[in-house]
Every structure is written in structure tokens, then in C-alpha cells.
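Source file: input25.cif (mmCIF, C-alpha atoms)
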data_model
loop_
_atom_site.label_atom_id
_atom_site.label_comp_id
_atom_site.auth_asym_id
_atom_site.auth_seq_id
_atom_site.Cartn_x
_atom_site.Cartn_y
_atom_site.Cartn_z
CA MET P 119 -14.32 -11.22 0.56
CA THR P 120 -15.00 -10.34 -3.02
CA LYS P 121 -15.59 -6.76 -3.97
CA THR P 122 -14.96 -4.67 -6.99
CA LEU P 123 -12.16 -2.17 -6.68
CA LYS P 124 -13.04 1.47 -7.27
CA GLU P 125 -9.47 2.38 -8.25
CA HIS P 126 -6.10 0.75 -8.82
CA ILE P 127 -4.00 -0.37 -5.86
CA PHE P 128 -0.34 0.23 -6.77
CA LEU P 129 2.21 -1.89 -4.90
CA ILE P 130 5.59 -0.17 -4.78
CA GLY P 131 8.85 -0.90 -3.01
CA PHE P 132 12.37 -2.10 -3.53
CA MET P 133 13.04 -5.09 -5.79
CA GLY P 134 12.55 -8.36 -3.94
CA VAL P 135 10.25 -6.90 -1.27
CA GLY P 136 7.41 -9.19 -2.36
CA LYS P 137 5.24 -7.01 -4.60
CA THR P 138 4.40 -9.81 -7.03
CA THR P 139 3.59 -12.48 -4.44
CA THR P 140 1.56 -9.98 -2.41
CA SER P 141 -0.25 -8.97 -5.60
CA HIS P 142 -1.28 -12.62 -6.16
CA LYS P 143 -2.72 -12.88 -2.63
CA LEU P 144 -4.50 -9.51 -2.82
CA SER P 145 -5.98 -10.48 -6.16
CA GLU P 146 -7.35 -13.72 -4.67
CA LYS P 147 -8.73 -12.03 -1.57
CA LEU P 148 -10.35 -9.09 -3.36
CA GLY P 149 -11.39 -10.92 -6.51
CA ALA P 150 -9.58 -8.26 -8.52
CA LYS P 151 -7.49 -8.53 -11.64
CA GLU P 152 -3.73 -8.16 -11.20
CA VAL P 153 -1.30 -6.35 -13.47
CA ASP P 154 2.50 -6.40 -13.38
CA THR P 155 4.08 -3.34 -15.00
CA ASP P 156 7.38 -5.15 -15.64
CA ALA P 157 5.51 -7.99 -17.39
CA MET P 158 3.61 -5.42 -19.50
CA ILE P 159 6.92 -3.84 -20.53
CA VAL P 160 8.50 -7.22 -21.39
CA GLU P 161 5.48 -8.05 -23.54
CA LYS P 162 5.43 -4.64 -25.25
CA GLU P 163 9.19 -4.55 -25.90
CA GLY P 164 9.51 -8.24 -26.75
CA LYS P 165 12.54 -8.74 -24.53
CA ALA P 166 13.60 -9.15 -20.91
CA ILE P 167 14.10 -6.05 -18.78
CA SER P 168 17.80 -6.90 -18.39
CA HIS P 169 18.08 -6.82 -22.21
CA ILE P 170 16.20 -3.51 -22.41
CA PHE P 171 18.74 -2.07 -19.94
CA GLU P 172 21.65 -3.52 -21.97
CA ASP P 173 20.32 -2.52 -25.40
CA GLU P 174 18.55 0.80 -24.77
CA GLY P 175 19.73 1.95 -21.33
CA GLU P 176 17.97 2.81 -18.08
CA GLU P 177 16.59 6.16 -19.32
CA TYR P 178 14.74 4.44 -22.17
CA PHE P 179 13.36 1.85 -19.74
CA ARG P 180 12.09 4.59 -17.40
CA LYS P 181 10.33 6.26 -20.33
CA VAL P 182 8.58 2.99 -21.17
CA GLU P 183 7.54 2.67 -17.50
CA THR P 184 5.83 6.07 -17.73
CA GLU P 185 4.00 5.02 -20.91
CA THR P 186 2.89 1.84 -19.12
CA ILE P 187 1.35 3.81 -16.22
CA GLU P 188 -0.52 5.86 -18.81
CA GLN P 189 -1.91 2.66 -20.40
CA LEU P 190 -3.35 1.55 -17.05
CA LYS P 191 -6.03 4.25 -17.37
CA GLN P 192 -7.73 2.03 -19.94
CA LEU P 193 -7.98 -0.95 -17.57
CA ASP P 194 -10.56 -1.72 -14.93
CA PRO P 195 -9.26 -1.08 -11.40
CA ALA P 196 -6.69 -3.75 -10.54
CA ILE P 197 -3.87 -4.67 -8.21
CA VAL P 198 -0.79 -3.21 -9.93
CA SER P 199 2.64 -4.58 -9.04
CA CYS P 200 5.19 -1.91 -10.03
CA GLY P 201 8.85 -2.20 -10.92
CA GLY P 202 11.18 -1.16 -8.08
CA GLY P 203 12.16 2.14 -9.71
CA MET P 204 8.71 3.20 -10.88
CA VAL P 205 8.36 6.03 -8.34
CA MET P 206 11.76 7.54 -9.10
CA ARG P 207 10.00 9.77 -11.63
CA GLU P 208 7.65 12.35 -10.10
CA GLU P 209 5.54 12.17 -13.25
CA ASN P 210 4.86 8.47 -12.60
CA VAL P 211 3.79 9.16 -9.02
CA GLU P 212 1.35 11.84 -10.18
CA LYS P 213 -0.14 9.48 -12.79
CA MET P 214 -0.45 6.70 -10.20
CA LYS P 215 -2.09 8.93 -7.58
CA ALA P 216 -4.62 10.07 -10.19
CA GLN P 217 -5.57 6.43 -10.78
CA GLY P 218 -5.55 4.94 -7.28
CA LYS P 219 -3.81 4.32 -3.98
CA ILE P 220 -0.08 3.67 -3.61
CA VAL P 221 1.00 1.07 -1.04
CA LEU P 222 4.68 0.91 -0.10
CA LEU P 223 5.94 -2.52 0.95
CA THR P 224 9.09 -2.34 3.07
CA ALA P 225 11.69 -4.87 4.26
CA THR P 226 15.20 -4.82 5.68
CA PRO P 227 18.19 -5.01 3.31
CA GLU P 228 18.90 -8.47 4.75
CA THR P 229 15.40 -9.69 3.83
CA ILE P 230 15.72 -8.19 0.34
CA TYR P 231 19.08 -9.90 -0.12
CA GLU P 232 17.59 -13.27 0.89
CA HIS P 233 14.83 -12.78 -1.71
CA VAL P 234 17.07 -11.67 -4.62
CA LYS P 235 20.46 -13.32 -4.02
CA ASP P 236 19.89 -16.14 -6.53
CA SER P 237 18.28 -13.90 -9.15
CA THR P 238 20.02 -13.13 -12.43
CA ASN P 239 17.40 -10.73 -13.79
CA ARG P 240 18.02 -7.70 -11.54
CA PRO P 241 20.01 -5.34 -13.81
CA LEU P 242 20.72 -2.80 -11.07
CA LEU P 243 22.24 -5.48 -8.81
CA ASN P 244 24.37 -7.28 -11.39
CA GLY P 245 27.88 -7.38 -9.97
CA ASN P 246 26.59 -5.80 -6.73
CA MET P 247 24.62 -8.63 -5.13
CA ASN P 248 25.44 -7.77 -1.51
CA ILE P 249 23.78 -6.22 1.54
CA PRO P 250 25.89 -3.01 1.65
CA TYR P 251 25.05 -2.17 -1.99
CA ILE P 252 21.37 -3.04 -1.51
CA THR P 253 21.32 -0.83 1.61
CA LYS P 254 22.88 2.07 -0.32
CA LEU P 255 20.36 1.76 -3.16
CA MET P 256 17.44 1.41 -0.71
CA ASP P 257 18.57 4.48 1.24
CA ALA P 258 18.79 6.50 -1.97
CA ARG P 259 15.25 5.51 -2.98
CA ALA P 260 13.61 5.69 0.47
CA PRO P 261 12.60 9.39 0.33
CA LYS P 262 10.84 8.91 -3.05
CA TYR P 263 9.09 5.76 -1.83
CA GLN P 264 7.93 7.45 1.38
CA ALA P 265 6.73 10.57 -0.45
CA ALA P 266 4.68 8.52 -2.92
CA ALA P 267 3.02 6.18 -0.41
CA ASP P 268 -0.58 6.45 0.76
CA ALA P 269 0.12 3.51 3.09
CA VAL P 270 3.31 1.80 4.31
CA ILE P 271 3.26 -1.93 5.07
CA PRO P 272 6.31 -3.60 6.68
CA THR P 273 6.72 -7.15 5.31
CA ASP P 274 9.56 -8.58 7.41
CA GLY P 275 8.53 -11.85 9.04
CA CYS P 276 5.14 -11.83 7.31
CA THR P 277 3.68 -14.28 4.82
CA PRO P 278 2.28 -12.80 1.58
CA GLU P 279 -1.18 -13.61 2.97
CA GLN P 280 -0.51 -11.55 6.12
CA VAL P 281 0.80 -8.66 4.03
CA ALA P 282 -2.34 -8.76 1.85
CA ASP P 283 -4.53 -8.73 5.00
CA LYS P 284 -2.63 -5.68 6.32
CA ILE P 285 -3.21 -3.84 3.02
CA ILE P 286 -6.94 -4.64 3.03
CA LYS P 287 -7.20 -3.41 6.63
CA GLU P 288 -5.21 -0.25 5.82
CA LEU P 289 -7.21 0.69 2.71
#

Is it possible to give me this structure as C-alpha cells?
Amino acid sequence: MTKTLKEHIFLIGFMGVGKTTTSHKLSEKLGAKEVDTDAMIVEKEGKAISHIFEDEGEEYFRKVETETIEQLKQLDPAIVSCGGGMVMREENVEKMKAQGKIVLLTATPETIYEHVKDSTNRPLLNGNMNIPYITKLMDARAPKYQAAADAVIPTDGCTPEQVADKIIKEL
């Protein structure tokens, strides 16, 4: 099934929910280009996100995220995998909605933990790599995620391929 996208499809959700792997599958299935906002930021800043957090702080990073969303206007419609905190700024949500559809991928804290437990490049989880902390952070972000989403896709127990199929069906 190859078709040209008319607008961006933004994949949002908590870190480790599977945005990047789902993006790869969606890209294959739809024949669309894929863009990763975190990768764009790393390239632009010339350093890892964990180093941006260490050197410049979270507020600076969030500002760069907003600039990145703005840059997407110049690209052909693509599958856009967003950093976990992208929708924490209302301004980002407005910019995203103006450019496409926002799909929220969800998973349980236990599933998230399984996906991220061996990761060392999750600045917000450094020193807090545990299910209670992940649950607390997820609960704090849930209202923003829900408010931003045009579609919500649960990913627990699904392969990336199944998640991509659900998104195609939903949109």
C-alpha cells in the first residue's frame, strides 16, 4: 500500500513506547519518508540529547524542540517520531496540529520499563529507572498527551507492524 501522505503523521507518547520502531514500519507500509525530531536536534546541536540536558538544561532543549517542529513545515509530509516531551508545550501541539495528525501511542509503565531499563540515554530517567517513577512521570504527562491526540493507539502486546496497521486503519 503505497500512497503519498497529504500531511505529517506525528507519533507522540512516553519514551520507550515504540515511536521510532512504529515509525519505521509505517514508513515502509505507506512509502513515506520518516523524520525523528530527536535525531534532528542531535544533528543540529552536534551532541547527544543527554549532553544538551547537562550543558544547556531542559528549558533550552524544549526551545530547540519548538524550533524543530517549525522546520518540519519545509518538508514533504512524513511520519514524524517525536521526543517524549514534545507535547508538554502547548505551542508545539498547535504547530503540529497545523501540519498534520497527532497519534498517541500508549503502553503500561511495566512495558515502558521493559523497553527502557537498559538505556543510558534517557536524561529524565537517570537515577530513576524504576516502575514507580515511570508511572509518576507518565501520569503527569497523560493529560497533555490525551489533549493533543487525534488518535490513541494502545501498543501493549502488539508488534510494531500491528501498531502501524492500527494507525493506518484509524487515519

With all atoms listed in the file as the atoms that count, which of P:Lys124, P:Lys162, P:Lys284, P:Lys143 lies nearest to Leu222 in chain P?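 For Leu222 in chain P, the nearest of the candidates is P:Lys284.
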
Tell me, in Å to one decimal, how far CA of His126 in chain P is from CA of Ile167 in chain P.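 These two atoms are separated by 23.5 Å.
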
Starting from the displayed file, determine the output of the PyMOL selection byres ((chain P and resi 275) around 12) and express the residue list as a ChimeraX atom specification. /P:135-136,224-226,228-230,271-274,276-281

Please, what distance in Å, to one decimal, runs between CA of Met158 in chain P and CA of Glu125 in chain P? 18.9 Å

Could you spell out the hits of the PyMOL selection byres ((chain P and resi 183) around 9) on the shown file, as a ChimeraX atom specification? /P:155-156,159,178-182,184-188,201,204,210

Residue selection dump (C-alpha atoms) as a tab-separated table (two decimals), keeping the file's coordinate frame:
chain	number	residue	atom	x	y	z
P	155	THR	CA	4.08	-3.34	-15.00
P	156	ASP	CA	7.38	-5.15	-15.64
P	159	ILE	CA	6.92	-3.84	-20.53
P	178	TYR	CA	14.74	4.44	-22.17
P	179	PHE	CA	13.36	1.85	-19.74
P	180	ARG	CA	12.09	4.59	-17.40
P	181	LYS	CA	10.33	6.26	-20.33
P	182	VAL	CA	8.58	2.99	-21.17
P	184	THR	CA	5.83	6.07	-17.73
P	185	GLU	CA	4.00	5.02	-20.91
P	186	THR	CA	2.89	1.84	-19.12
P	187	ILE	CA	1.35	3.81	-16.22
P	188	GLU	CA	-0.52	5.86	-18.81
P	201	GLY	CA	8.85	-2.20	-10.92
P	204	MET	CA	8.71	3.20	-10.88
P	210	ASN	CA	4.86	8.47	-12.60

I need the residue nearest Lys137 in chain P from this list: P:Ile170, P:Ile220, P:Cys200, P:Val234. Use all atoms listed in the file for the distance. P:Cys200

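When the PyMOL selection byres ((chain P and resi 243) around 12) is evaluated on the file shown here, the picked residues come out as Phe132, Met133, Gly134, Ser168, Gly202, Ile230, Tyr231, Val234, Lys235, Asp236, Ser237, Thr238, Asn239, Arg240, Pro241, Leu242, Asn244, Gly245, Asn246, Met247, Asn248, Ile249, Pro250, Tyr251, Ile252, Thr253, Lys254, Leu255 and Met256 of chain P.
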
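CA of Val198 in chain P sits 23.3 Å away from CA of Ala258 in chain P.
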
Selection: 12 Å around Ala196 in chain P, all atoms listed in the file, excl. self and same-chain fewer than 6 positions, as number ranges by chain: P: 121-129, 141-142, 144-146, 148-155, 190, 217-219

Give the centre and edge lengths of an axis-aligned box, in Å to one decimal, that holds all listed atoms of range 265-271 of chain P with 3 Å on each side, as lines of an AutoDock Vina configuration file.
center_x = 3.1
center_y = 4.3
center_z = 1.1
size_x = 13.3
size_y = 18.5
size_z = 14.0

Looking at P:Ala266, P:Ala216, P:Ala166, P:Met206, which one is nearest to Lys191 in chain P, with distances taken over only C-alpha atoms?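 So, comparing all the options, the nearest one is P:Ala216.
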
Kindly complete range 259-283 of chain P to N, CA, C and O atoms; the output should be written as a PDB file, in the frame of the given file.
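For reference, rebuild.pdb as written:
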ATOM      1  N   ARG P 259      16.632   5.503  -2.483  1.00  0.00           N
ATOM      2  CA  ARG P 259      15.250   5.510  -2.980  1.00  0.00           C
ATOM      3  C   ARG P 259      14.210   5.800  -1.900  1.00  0.00           C
ATOM      4  O   ARG P 259      13.096   6.199  -2.221  1.00  0.00           O
ATOM      5  N   ALA P 260      14.570   5.589  -0.643  1.00  0.00           N
ATOM      6  CA  ALA P 260      13.610   5.690   0.470  1.00  0.00           C
ATOM      7  C   ALA P 260      12.790   6.983   0.468  1.00  0.00           C
ATOM      8  O   ALA P 260      11.561   6.928   0.616  1.00  0.00           O
ATOM      9  N   PRO P 261      13.409   8.166   0.289  1.00  0.00           N
ATOM     10  CA  PRO P 261      12.600   9.390   0.330  1.00  0.00           C
ATOM     11  C   PRO P 261      11.505   9.420  -0.755  1.00  0.00           C
ATOM     12  O   PRO P 261      10.387   9.853  -0.493  1.00  0.00           O
ATOM     13  N   LYS P 262      11.830   8.931  -1.951  1.00  0.00           N
ATOM     14  CA  LYS P 262      10.840   8.910  -3.050  1.00  0.00           C
ATOM     15  C   LYS P 262       9.726   7.923  -2.722  1.00  0.00           C
ATOM     16  O   LYS P 262       8.551   8.205  -2.958  1.00  0.00           O
ATOM     17  N   TYR P 263      10.099   6.758  -2.203  1.00  0.00           N
ATOM     18  CA  TYR P 263       9.090   5.760  -1.830  1.00  0.00           C
ATOM     19  C   TYR P 263       8.144   6.325  -0.775  1.00  0.00           C
ATOM     20  O   TYR P 263       6.925   6.243  -0.897  1.00  0.00           O
ATOM     21  N   GLN P 264       8.734   6.905   0.275  1.00  0.00           N
ATOM     22  CA  GLN P 264       7.930   7.450   1.380  1.00  0.00           C
ATOM     23  C   GLN P 264       6.998   8.556   0.900  1.00  0.00           C
ATOM     24  O   GLN P 264       5.830   8.612   1.281  1.00  0.00           O
ATOM     25  N   ALA P 265       7.527   9.438   0.047  1.00  0.00           N
ATOM     26  CA  ALA P 265       6.730  10.570  -0.450  1.00  0.00           C
ATOM     27  C   ALA P 265       5.553  10.106  -1.300  1.00  0.00           C
ATOM     28  O   ALA P 265       4.492  10.723  -1.295  1.00  0.00           O
ATOM     29  N   ALA P 266       5.730   9.004  -2.018  1.00  0.00           N
ATOM     30  CA  ALA P 266       4.680   8.520  -2.920  1.00  0.00           C
ATOM     31  C   ALA P 266       3.582   7.758  -2.194  1.00  0.00           C
ATOM     32  O   ALA P 266       2.434   7.728  -2.637  1.00  0.00           O
ATOM     33  N   ALA P 267       3.911   7.150  -1.066  1.00  0.00           N
ATOM     34  CA  ALA P 267       3.020   6.180  -0.410  1.00  0.00           C
ATOM     35  C   ALA P 267       1.801   6.786   0.266  1.00  0.00           C
ATOM     36  O   ALA P 267       1.902   7.760   0.995  1.00  0.00           O
ATOM     37  N   ASP P 268       0.650   6.152   0.003  1.00  0.00           N
ATOM     38  CA  ASP P 268      -0.580   6.450   0.760  1.00  0.00           C
ATOM     39  C   ASP P 268      -0.628   5.578   2.010  1.00  0.00           C
ATOM     40  O   ASP P 268      -1.284   5.912   2.982  1.00  0.00           O
ATOM     41  N   ALA P 269       0.045   4.430   1.960  1.00  0.00           N
ATOM     42  CA  ALA P 269       0.120   3.510   3.090  1.00  0.00           C
ATOM     43  C   ALA P 269       1.474   2.807   3.039  1.00  0.00           C
ATOM     44  O   ALA P 269       1.998   2.553   1.953  1.00  0.00           O
ATOM     45  N   VAL P 270       2.036   2.500   4.222  1.00  0.00           N
ATOM     46  CA  VAL P 270       3.310   1.800   4.310  1.00  0.00           C
ATOM     47  C   VAL P 270       3.088   0.502   5.082  1.00  0.00           C
ATOM     48  O   VAL P 270       2.563   0.525   6.196  1.00  0.00           O
ATOM     49  N   ILE P 271       3.472  -0.613   4.467  1.00  0.00           N
ATOM     50  CA  ILE P 271       3.260  -1.930   5.070  1.00  0.00           C
ATOM     51  C   ILE P 271       4.604  -2.649   5.216  1.00  0.00           C
ATOM     52  O   ILE P 271       5.206  -3.051   4.222  1.00  0.00           O
ATOM     53  N   PRO P 272       5.089  -2.834   6.467  1.00  0.00           N
ATOM     54  CA  PRO P 272       6.310  -3.600   6.680  1.00  0.00           C
ATOM     55  C   PRO P 272       6.036  -5.092   6.402  1.00  0.00           C
ATOM     56  O   PRO P 272       4.998  -5.608   6.816  1.00  0.00           O
ATOM     57  N   THR P 273       6.950  -5.755   5.698  1.00  0.00           N
ATOM     58  CA  THR P 273       6.720  -7.150   5.310  1.00  0.00           C
ATOM     59  C   THR P 273       7.626  -8.144   6.027  1.00  0.00           C
ATOM     60  O   THR P 273       7.419  -9.348   5.911  1.00  0.00           O
ATOM     61  N   ASP P 274       8.635  -7.660   6.744  1.00  0.00           N
ATOM     62  CA  ASP P 274       9.560  -8.580   7.410  1.00  0.00           C
ATOM     63  C   ASP P 274       8.819  -9.547   8.324  1.00  0.00           C
ATOM     64  O   ASP P 274       7.968  -9.134   9.116  1.00  0.00           O
ATOM     65  N   GLY P 275       9.133 -10.833   8.177  1.00  0.00           N
ATOM     66  CA  GLY P 275       8.530 -11.850   9.040  1.00  0.00           C
ATOM     67  C   GLY P 275       7.071 -12.142   8.747  1.00  0.00           C
ATOM     68  O   GLY P 275       6.426 -12.851   9.516  1.00  0.00           O
ATOM     69  N   CYS P 276       6.538 -11.605   7.659  1.00  0.00           N
ATOM     70  CA  CYS P 276       5.140 -11.830   7.310  1.00  0.00           C
ATOM     71  C   CYS P 276       5.026 -12.726   6.081  1.00  0.00           C
ATOM     72  O   CYS P 276       5.858 -12.655   5.185  1.00  0.00           O
ATOM     73  N   THR P 277       3.969 -13.516   6.025  1.00  0.00           N
ATOM     74  CA  THR P 277       3.680 -14.280   4.820  1.00  0.00           C
ATOM     75  C   THR P 277       2.992 -13.328   3.832  1.00  0.00           C
ATOM     76  O   THR P 277       2.432 -12.299   4.254  1.00  0.00           O
ATOM     77  N   PRO P 278       3.004 -13.644   2.540  1.00  0.00           N
ATOM     78  CA  PRO P 278       2.280 -12.800   1.580  1.00  0.00           C
ATOM     79  C   PRO P 278       0.800 -12.630   1.969  1.00  0.00           C
ATOM     80  O   PRO P 278       0.226 -11.562   1.803  1.00  0.00           O
ATOM     81  N   GLU P 279       0.215 -13.667   2.525  1.00  0.00           N
ATOM     82  CA  GLU P 279      -1.180 -13.610   2.970  1.00  0.00           C
ATOM     83  C   GLU P 279      -1.364 -12.559   4.075  1.00  0.00           C
ATOM     84  O   GLU P 279      -2.303 -11.766   4.053  1.00  0.00           O
ATOM     85  N   GLN P 280      -0.439 -12.535   5.038  1.00  0.00           N
ATOM     86  CA  GLN P 280      -0.510 -11.550   6.120  1.00  0.00           C
ATOM     87  C   GLN P 280      -0.327 -10.130   5.591  1.00  0.00           C
ATOM     88  O   GLN P 280      -1.002  -9.200   6.037  1.00  0.00           O
ATOM     89  N   VAL P 281       0.582  -9.976   4.625  1.00  0.00           N
ATOM     90  CA  VAL P 281       0.800  -8.660   4.030  1.00  0.00           C
ATOM     91  C   VAL P 281      -0.467  -8.193   3.308  1.00  0.00           C
ATOM     92  O   VAL P 281      -0.906  -7.053   3.470  1.00  0.00           O
ATOM     93  N   ALA P 282      -1.091  -9.093   2.564  1.00  0.00           N
ATOM     94  CA  ALA P 282      -2.340  -8.760   1.850  1.00  0.00           C
ATOM     95  C   ALA P 282      -3.422  -8.348   2.848  1.00  0.00           C
ATOM     96  O   ALA P 282      -4.138  -7.366   2.630  1.00  0.00           O
ATOM     97  N   ASP P 283      -3.536  -9.067   3.959  1.00  0.00           N
ATOM     98  CA  ASP P 283      -4.530  -8.730   5.000  1.00  0.00           C
ATOM     99  C   ASP P 283      -4.267  -7.341   5.577  1.00  0.00           C
ATOM    100  O   ASP P 283      -5.191  -6.558   5.804  1.00  0.00           O
TER     101      ASP P 283
END
